[in-house]
Amino acid sequence: MATDKSNIQLITNGILNENPIFRLVLSMCPAVGISTTVMNGIMLGVAVLFVQVFSSVTISIFKNVIHPRIRIPTYTLTIATWVTVIDLLLAAYLPEAYGKMGIFVKLIVAFAIITMRLEMFACKESVQASFWDGIGMGLGFMFGMMAIGFVRELLGMGTLLGYDILGFQPLLFFVLHCAGFFVVGLMMAFFNYVEIIYKKTKQGA
Amino acid sequence: MKDIFTIIIRLTLACIMAGLVMGTTYIFTSNAKKHNEHVNEQKAMYGLLGYGPANQAPDSMVLHAFYRYIVSHDDLLHLGYLVPLQDKGFSFVTIDLDGNFVAARQVDITGKEAIEEEARHQAIAAVLDEEATIRYADKTIVATNDGRRQAYLLPGAFPGFKTFIHVMLALDPHFTVLGLEVMEHEEDPGLGGEIEKDYFKNQFTGKPYEVLKHLDVTKTPLPDDYRRALEADRTGMSADDVRVIQEQYKDKDIYALTGATISSRAVTNGAKAIVKKFAYRLGILDKVLAQENIAVPF
């Protein structure tokens, strides 16, 4: 079964139609736990993007030799390998970036979104399609994390990307873990509302 | 049945391949990683002493490291210190648990080799009895200026909210804290992760030993003027003003981070324990070194 979507469609699919956070509602632990600032969102997004692309391509290459009954352990193994490799490479050659991102990279092994994309897409599709799908999903995840981080950082700490915007801290509650659920829920509602309005105007026209 | 075998074989192959990939990367990157860690540590040490790219350390300043080991031999526990000697080489000084001198053995190792834990271990094991086992405990760096002790640098680790928090403490010769640097931690970003921020870690700066011994955390909010002084790098407060405010707050407890009392308390108690133990051990070591006329460069 080959996908009939073009590369561009695969990317926009990850960002909009099947956005990992707002649509698929996967990998909520990092979305809630880490997305306290925009910078955290970008860092984790970049890390996920790399791991997702590498894992998708690897699984897509080896899809014919993976026994169907042990596919999940194989996926986990693949993800863990890439996470370790990226972690080691960052620590060795980009110590500055590692100082900021190291903590996030190690978290990725447990992300549901990556396993899910391997199971739903990479194990059936061509290498090229998997590559673009990985990029789309990674970007979608990064977009989601940044959007949540934007709201939480602005409302929780009064800053954006570390720069003081408001000059005071409106509500520290938004930095705490539980607030992540509220923010995700409200943003999901907002996006659904936008979609309903969009469809209605389309039908009306 | 046949299925099981193919599953086993394929899973094994997948594991071996993953292992090979990770192993190869590790081999290629481990040296660079070690080098980075060493550079980081050096930078943090000079930073705590108040030196940086803009303000180079004087040539008369030297850092001497000594290492503490636990030596067990026939149910006997001794403390062993690998100390550098005035003229050349190292000496491994063992002290019993009551603080009495046991033995001093010349260790054949250069200063550069001593940085590597493995090489150090082998050199010490070579001069000890065969039955004795040694375990590395910690290291201390003494910064001297023209041969006079200027500061102690203590790397240390203690459990935080999640895993270990690795810190580096700088003390002056009277055990007053010169600074605290968080080297490595995995606290939650935005909450416990704030321990690495200036407004928390700089609270330790200037705390005298007497205050530190009974240091606790308080949940009262951080006063605005103190915060401005702690974040002097950002607010641009002059060094003299900072010193005045530091003096004013030096007897106060550590102001806990909002939403991260456990992490705040972990760092406070951890730093307290490191300094208290160090002050006690250094007293004994200095006494023994003086008694036995072991000439050390610090």
# chains A, B, ... in the order shown; residues from 1 in each chain; ligands from 1
call {"tool": "residues_around", "arguments": {"residues": "stretch 175-183 of chain B", "least_positions_apart": "6", "cutoff": "9 Å", "atoms": "only C-alpha atoms", "output": "number ranges by chain"}}
result
B: 40-41, 44-45, 47-50, 151-152, 155, 165-169, 195-197, 201-210, 212, 271, 275, 279
call {"tool": "interface_residues", "arguments": {"of": "chain A", "to": "chain B", "cutoff": "8 Å", "atoms": "only C-alpha atoms", "output": "list of chain:residue names"}}
result
A:Ile34, A:Thr36, A:Thr37, A:Ile66, A:His67, A:Arg69, A:Ile70, A:Thr74, A:Leu77, A:Thr78, A:Thr81, A:Thr84, A:Val85, A:Leu88, A:Leu89, A:Ala91, A:Ala92, A:Tyr93, A:Pro95, A:Ile103, A:Val175, A:Leu176
call {"tool": "select_by_dssp", "arguments": {"residues": "stretch 134-266 of chain B", "states": "alpha helix (DSSP H)", "output": "PyMOL selection string"}}
result
chain B and resi 198-201+209-213+224-230+232-235+239-249+261-266
call {"tool": "write_last_selection", "arguments": {"atoms": "N, CA, C and O atoms", "output": "compact mmCIF listing (two decimals), in the first residue's frame"}}
result
# COMPACT_ATOMS: atom_id res chain seq x y z
N ASP B 198 20.84 32.22 38.46
CA ASP B 198 21.60 33.09 39.36
C ASP B 198 20.86 33.38 40.66
O ASP B 198 21.46 33.41 41.71
N TYR B 199 19.56 33.66 40.55
CA TYR B 199 18.85 34.12 41.74
C TYR B 199 18.70 33.03 42.80
O TYR B 199 18.33 33.31 43.92
N PHE B 200 18.97 31.78 42.42
CA PHE B 200 19.00 30.75 43.46
C PHE B 200 20.43 30.43 43.89
O PHE B 200 20.79 30.54 45.05
N LYS B 201 21.27 30.08 42.93
CA LYS B 201 22.60 29.57 43.30
C LYS B 201 23.48 30.64 43.93
O LYS B 201 24.31 30.34 44.77
N TYR B 209 30.93 30.04 57.29
CA TYR B 209 30.83 28.64 57.73
C TYR B 209 29.85 28.50 58.89
O TYR B 209 29.06 27.56 58.94
N GLU B 210 29.88 29.45 59.84
CA GLU B 210 29.01 29.36 61.01
C GLU B 210 27.53 29.35 60.61
O GLU B 210 26.72 28.65 61.20
N VAL B 211 27.19 30.17 59.62
CA VAL B 211 25.80 30.24 59.15
C VAL B 211 25.46 28.98 58.35
O VAL B 211 24.41 28.38 58.53
N LEU B 212 26.41 28.57 57.53
CA LEU B 212 26.19 27.43 56.65
C LEU B 212 25.88 26.16 57.44
O LEU B 212 25.06 25.35 57.03
N LYS B 213 26.54 26.02 58.58
CA LYS B 213 26.35 24.82 59.40
C LYS B 213 24.89 24.61 59.78
O LYS B 213 24.45 23.49 59.95
N ASP B 224 12.95 41.86 46.79
CA ASP B 224 13.30 42.42 45.48
C ASP B 224 14.75 42.90 45.41
O ASP B 224 15.43 42.68 44.42
N ASP B 225 15.21 43.59 46.48
CA ASP B 225 16.57 44.15 46.42
C ASP B 225 17.60 43.02 46.39
O ASP B 225 18.61 43.10 45.69
N TYR B 226 17.32 41.95 47.14
CA TYR B 226 18.24 40.80 47.17
C TYR B 226 18.28 40.17 45.79
O TYR B 226 19.34 39.82 45.28
N ARG B 227 17.10 40.03 45.16
CA ARG B 227 17.04 39.41 43.85
C ARG B 227 17.85 40.20 42.82
O ARG B 227 18.56 39.64 42.00
N ARG B 228 17.73 41.53 42.90
CA ARG B 228 18.50 42.37 41.97
C ARG B 228 19.99 42.17 42.16
O ARG B 228 20.76 42.14 41.22
N ALA B 229 20.40 42.00 43.43
CA ALA B 229 21.82 41.79 43.72
C ALA B 229 22.27 40.42 43.23
O ALA B 229 23.37 40.27 42.70
N LEU B 230 21.41 39.42 43.39
CA LEU B 230 21.77 38.07 42.97
C LEU B 230 21.90 37.98 41.45
O LEU B 230 22.72 37.23 40.94
N ALA B 232 23.04 40.21 39.44
CA ALA B 232 23.83 41.39 39.10
C ALA B 232 24.28 41.37 37.64
O ALA B 232 24.39 42.41 37.01
N ASP B 233 24.50 40.17 37.09
CA ASP B 233 24.92 40.06 35.70
C ASP B 233 23.88 40.67 34.76
O ASP B 233 24.21 41.22 33.72
N ARG B 234 22.60 40.50 35.14
CA ARG B 234 21.52 40.95 34.28
C ARG B 234 21.14 42.40 34.60
O ARG B 234 20.89 43.21 33.71
N THR B 235 21.07 42.71 35.91
CA THR B 235 20.59 44.03 36.30
C THR B 235 21.70 45.07 36.26
O THR B 235 21.42 46.26 36.34
N ALA B 239 29.52 45.91 41.77
CA ALA B 239 30.02 44.88 42.67
C ALA B 239 29.96 45.33 44.13
O ALA B 239 29.70 44.53 45.03
N ASP B 240 30.19 46.63 44.37
CA ASP B 240 30.17 47.13 45.75
C ASP B 240 28.77 47.04 46.35
O ASP B 240 28.60 46.61 47.49
N ASP B 241 27.77 47.46 45.55
CA ASP B 241 26.39 47.39 46.03
C ASP B 241 26.00 45.96 46.33
O ASP B 241 25.31 45.66 47.31
N VAL B 242 26.45 45.04 45.45
CA VAL B 242 26.12 43.63 45.64
C VAL B 242 26.69 43.16 46.97
O VAL B 242 26.03 42.46 47.74
N ARG B 243 27.93 43.58 47.26
CA ARG B 243 28.57 43.14 48.49
C ARG B 243 27.81 43.64 49.72
O ARG B 243 27.65 42.91 50.70
N VAL B 244 27.32 44.88 49.65
CA VAL B 244 26.58 45.45 50.78
C VAL B 244 25.33 44.61 51.04
O VAL B 244 25.04 44.23 52.18
N ILE B 245 24.59 44.29 49.97
CA ILE B 245 23.35 43.54 50.14
C ILE B 245 23.64 42.11 50.58
O ILE B 245 22.94 41.55 51.42
N GLN B 246 24.72 41.54 50.04
CA GLN B 246 25.10 40.17 50.44
C GLN B 246 25.38 40.12 51.95
O GLN B 246 24.98 39.20 52.64
N GLU B 247 26.08 41.15 52.43
CA GLU B 247 26.42 41.25 53.84
C GLU B 247 25.14 41.29 54.67
O GLU B 247 25.01 40.62 55.71
N GLN B 248 24.17 42.05 54.16
CA GLN B 248 22.90 42.23 54.84
C GLN B 248 22.14 40.90 54.97
O GLN B 248 21.47 40.66 55.96
N TYR B 249 22.26 40.05 53.94
CA TYR B 249 21.46 38.83 53.91
C TYR B 249 22.28 37.59 54.28
O TYR B 249 21.79 36.48 54.15
N THR B 261 10.29 23.24 46.42
CA THR B 261 10.93 23.24 47.74
C THR B 261 11.86 22.06 47.91
O THR B 261 12.91 22.18 48.54
N ILE B 262 11.48 20.92 47.31
CA ILE B 262 12.32 19.73 47.49
C ILE B 262 13.68 19.95 46.85
O ILE B 262 14.71 19.65 47.46
N SER B 263 13.70 20.48 45.64
CA SER B 263 14.99 20.73 44.97
C SER B 263 15.80 21.77 45.75
O SER B 263 17.01 21.62 45.93
N SER B 264 15.13 22.83 46.22
CA SER B 264 15.83 23.87 46.98
C SER B 264 16.46 23.28 48.22
O SER B 264 17.61 23.55 48.55
N ARG B 265 15.68 22.45 48.91
CA ARG B 265 16.16 21.85 50.15
C ARG B 265 17.31 20.88 49.86
O ARG B 265 18.28 20.82 50.61
N ALA B 266 17.18 20.15 48.75
CA ALA B 266 18.23 19.18 48.40
C ALA B 266 19.56 19.89 48.19
O ALA B 266 20.60 19.45 48.69
call {"tool": "residues_around", "arguments": {"residues": "B:Ile70", "least_positions_apart": "5", "cutoff": "10 Å", "atoms": "only C-alpha atoms", "output": "count of residues only"}}
result
13
call {"tool": "residues_around", "arguments": {"residues": "A:Met116", "least_positions_apart": "5", "cutoff": "10 Å", "atoms": "only C-alpha atoms", "output": "PDB file with N, CA, C and O atoms, in the first residue's frame"}}
result
ATOM      1  N   PRO A  20       0.376  15.844  15.890  1.00  0.00           N
ATOM      2  CA  PRO A  20       0.542  14.860  16.956  1.00  0.00           C
ATOM      3  C   PRO A  20      -0.108  15.268  18.272  1.00  0.00           C
ATOM      4  O   PRO A  20      -0.651  14.432  18.988  1.00  0.00           O
ATOM      5  N   LEU A  24      -3.854  13.949  17.090  1.00  0.00           N
ATOM      6  CA  LEU A  24      -3.672  12.545  17.458  1.00  0.00           C
ATOM      7  C   LEU A  24      -3.655  12.381  18.972  1.00  0.00           C
ATOM      8  O   LEU A  24      -3.839  11.296  19.490  1.00  0.00           O
ATOM      9  N   LEU A  26      -1.173  12.433  21.059  1.00  0.00           N
ATOM     10  CA  LEU A  26      -0.141  11.480  21.472  1.00  0.00           C
ATOM     11  C   LEU A  26       1.010  12.255  22.114  1.00  0.00           C
ATOM     12  O   LEU A  26       1.160  13.444  21.892  1.00  0.00           O
ATOM     13  N   SER A  27       1.809  11.539  22.860  1.00  0.00           N
ATOM     14  CA  SER A  27       2.962  12.156  23.528  1.00  0.00           C
ATOM     15  C   SER A  27       2.538  13.326  24.395  1.00  0.00           C
ATOM     16  O   SER A  27       3.097  14.407  24.331  1.00  0.00           O
ATOM     17  N   ILE A  72       7.046  -4.272  17.625  1.00  0.00           N
ATOM     18  CA  ILE A  72       7.112  -3.203  18.643  1.00  0.00           C
ATOM     19  C   ILE A  72       8.482  -3.172  19.341  1.00  0.00           C
ATOM     20  O   ILE A  72       9.094  -2.111  19.443  1.00  0.00           O
ATOM     21  N   TYR A  75      10.866  -1.570  17.035  1.00  0.00           N
ATOM     22  CA  TYR A  75      10.726  -0.116  16.953  1.00  0.00           C
ATOM     23  C   TYR A  75      11.416   0.553  18.142  1.00  0.00           C
ATOM     24  O   TYR A  75      12.159   1.526  17.993  1.00  0.00           O
ATOM     25  N   PHE A 111       8.492   8.333  23.826  1.00  0.00           N
ATOM     26  CA  PHE A 111       7.437   9.095  23.158  1.00  0.00           C
ATOM     27  C   PHE A 111       6.556   8.202  22.289  1.00  0.00           C
ATOM     28  O   PHE A 111       7.041   7.492  21.407  1.00  0.00           O
ATOM     29  N   PHE A 121       2.888   4.168   9.616  1.00  0.00           N
ATOM     30  CA  PHE A 121       3.338   4.681   8.330  1.00  0.00           C
ATOM     31  C   PHE A 121       4.609   4.009   7.818  1.00  0.00           C
ATOM     32  O   PHE A 121       4.593   3.347   6.782  1.00  0.00           O
ATOM     33  N   ALA A 122       5.678   4.121   8.575  1.00  0.00           N
ATOM     34  CA  ALA A 122       6.989   3.743   8.039  1.00  0.00           C
ATOM     35  C   ALA A 122       7.071   2.267   7.671  1.00  0.00           C
ATOM     36  O   ALA A 122       7.778   1.899   6.740  1.00  0.00           O
TER      37      ALA A 122
END
call {"tool": "atom_distance", "arguments": {"atom1": "atom CA of B:Gln42", "atom2": "atom CA of B:Phe164"}}
result
20.7 Å
call {"tool": "residues_around", "arguments": {"residues": "A:Leu49", "least_positions_apart": "5", "cutoff": "9 Å", "atoms": "only C-alpha atoms", "output": "ChimeraX atom specification"}}
result
/A:44,54,134-139,141-142
call {"tool": "write_last_selection", "arguments": {"atoms": "C-alpha atoms", "output": "tab-separated table (two decimals), in the first residue's frame"}}
result
chain	number	residue	atom	x	y	z
A	44	LEU	CA	12.33	19.17	22.22
A	54	PHE	CA	16.03	8.67	11.40
A	134	GLY	CA	8.89	12.00	9.64
A	135	ILE	CA	9.69	15.62	8.85
A	136	GLY	CA	6.01	16.54	8.84
A	137	MET	CA	5.35	14.84	12.17
A	138	GLY	CA	8.46	16.36	13.73
A	139	LEU	CA	7.47	19.84	12.58
A	141	PHE	CA	5.12	18.25	17.15
A	142	MET	CA	7.45	21.25	17.33
call {"tool": "closest_residue", "arguments": {"among": "B:Pro84, B:Ile124, B:Leu282, B:Asn145", "to": "B:Lys112", "atoms": "only C-alpha atoms"}}
result
B:Pro84
call {"tool": "atom_distance", "arguments": {"atom1": "atom CA of A:Gly41", "atom2": "atom CA of A:Gly14"}}
result
16.6 Å
call {"tool": "residues_around", "arguments": {"residues": "A:Ile42", "least_positions_apart": "2", "cutoff": "12 Å", "atoms": "only C-alpha atoms", "output": "ChimeraX atom specification"}}
result
/A:31,34-40,44-49,100-101,104,138-150,161
call {"tool": "residues_around", "arguments": {"residues": "B:Ala104", "least_positions_apart": "2", "cutoff": "9 Å", "atoms": "only C-alpha atoms", "output": "number ranges by chain"}}
result
B: 91-94, 101-102, 106, 292, 294
call {"tool": "write_last_selection", "arguments": {"atoms": "all heavy atoms", "output": "mmCIF file, in the first residue's frame"}}
result
data_model
loop_
_atom_site.group_PDB
_atom_site.id
_atom_site.type_symbol
_atom_site.label_atom_id
_atom_site.label_comp_id
_atom_site.auth_asym_id
_atom_site.auth_seq_id
_atom_site.Cartn_x
_atom_site.Cartn_y
_atom_site.Cartn_z
ATOM 1 N N SER B 91 52.083 11.430 46.716
ATOM 2 C CA SER B 91 52.220 10.541 47.867
ATOM 3 C C SER B 91 50.831 10.056 48.242
ATOM 4 O O SER B 91 49.855 10.806 48.176
ATOM 5 C CB SER B 91 52.855 11.286 49.034
ATOM 6 O OG SER B 91 52.964 10.420 50.131
ATOM 7 N N PHE B 92 50.732 8.766 48.603
ATOM 8 C CA PHE B 92 49.439 8.230 49.031
ATOM 9 C C PHE B 92 49.484 8.099 50.544
ATOM 10 O O PHE B 92 50.160 7.236 51.093
ATOM 11 C CB PHE B 92 49.186 6.880 48.365
ATOM 12 C CG PHE B 92 47.774 6.401 48.537
ATOM 13 C CD1 PHE B 92 46.726 7.096 47.968
ATOM 14 C CD2 PHE B 92 47.494 5.259 49.273
ATOM 15 C CE1 PHE B 92 45.410 6.658 48.112
ATOM 16 C CE2 PHE B 92 46.191 4.819 49.418
ATOM 17 C CZ PHE B 92 45.162 5.522 48.833
ATOM 18 N N VAL B 93 48.796 8.997 51.230
ATOM 19 C CA VAL B 93 48.835 9.060 52.686
ATOM 20 C C VAL B 93 47.597 8.365 53.227
ATOM 21 O O VAL B 93 46.479 8.720 52.870
ATOM 22 C CB VAL B 93 48.849 10.531 53.158
ATOM 23 C CG1 VAL B 93 48.926 10.595 54.662
ATOM 24 C CG2 VAL B 93 49.989 11.279 52.508
ATOM 25 N N THR B 94 47.806 7.355 54.063
ATOM 26 C CA THR B 94 46.648 6.682 54.657
ATOM 27 C C THR B 94 46.495 7.115 56.108
ATOM 28 O O THR B 94 47.470 7.268 56.840
ATOM 29 C CB THR B 94 46.765 5.151 54.582
ATOM 30 O OG1 THR B 94 48.113 4.785 54.830
ATOM 31 C CG2 THR B 94 46.349 4.637 53.231
ATOM 32 N N PHE B 101 47.845 9.021 61.687
ATOM 33 C CA PHE B 101 48.635 8.696 60.505
ATOM 34 C C PHE B 101 48.961 7.203 60.465
ATOM 35 O O PHE B 101 49.276 6.593 61.477
ATOM 36 C CB PHE B 101 49.927 9.520 60.542
ATOM 37 C CG PHE B 101 50.901 9.170 59.458
ATOM 38 C CD1 PHE B 101 50.673 9.566 58.162
ATOM 39 C CD2 PHE B 101 52.045 8.450 59.753
ATOM 40 C CE1 PHE B 101 51.579 9.255 57.158
ATOM 41 C CE2 PHE B 101 52.951 8.132 58.759
ATOM 42 C CZ PHE B 101 52.711 8.528 57.460
ATOM 43 N N VAL B 102 48.840 6.576 59.300
ATOM 44 C CA VAL B 102 49.189 5.161 59.163
ATOM 45 C C VAL B 102 50.444 5.008 58.321
ATOM 46 O O VAL B 102 51.444 4.475 58.798
ATOM 47 C CB VAL B 102 48.029 4.354 58.544
ATOM 48 C CG1 VAL B 102 48.427 2.896 58.388
ATOM 49 C CG2 VAL B 102 46.778 4.473 59.393
ATOM 50 N N GLN B 106 55.165 6.646 48.347
ATOM 51 C CA GLN B 106 55.438 7.406 47.129
ATOM 52 C C GLN B 106 54.702 6.737 45.957
ATOM 53 O O GLN B 106 54.803 5.520 45.774
ATOM 54 C CB GLN B 106 56.944 7.403 46.869
ATOM 55 C CG GLN B 106 57.386 8.205 45.676
ATOM 56 C CD GLN B 106 57.544 9.683 46.033
ATOM 57 O OE1 GLN B 106 57.770 10.020 47.179
ATOM 58 N NE2 GLN B 106 57.395 10.544 45.033
ATOM 59 N N GLU B 292 53.843 14.734 59.847
ATOM 60 C CA GLU B 292 54.761 13.838 59.159
ATOM 61 C C GLU B 292 55.713 14.581 58.227
ATOM 62 O O GLU B 292 56.453 13.954 57.478
ATOM 63 C CB GLU B 292 53.970 12.796 58.352
ATOM 64 C CG GLU B 292 53.035 11.950 59.197
ATOM 65 C CD GLU B 292 53.788 11.146 60.252
ATOM 66 O OE1 GLU B 292 54.879 10.642 59.940
ATOM 67 O OE2 GLU B 292 53.266 11.041 61.381
ATOM 68 N N ILE B 294 55.196 16.110 55.472
ATOM 69 C CA ILE B 294 54.996 15.840 54.051
ATOM 70 C C ILE B 294 54.785 17.190 53.373
ATOM 71 O O ILE B 294 53.829 17.902 53.676
ATOM 72 C CB ILE B 294 53.788 14.907 53.834
ATOM 73 C CG1 ILE B 294 54.044 13.564 54.511
ATOM 74 C CG2 ILE B 294 53.520 14.711 52.356
ATOM 75 C CD1 ILE B 294 52.839 12.690 54.636
#
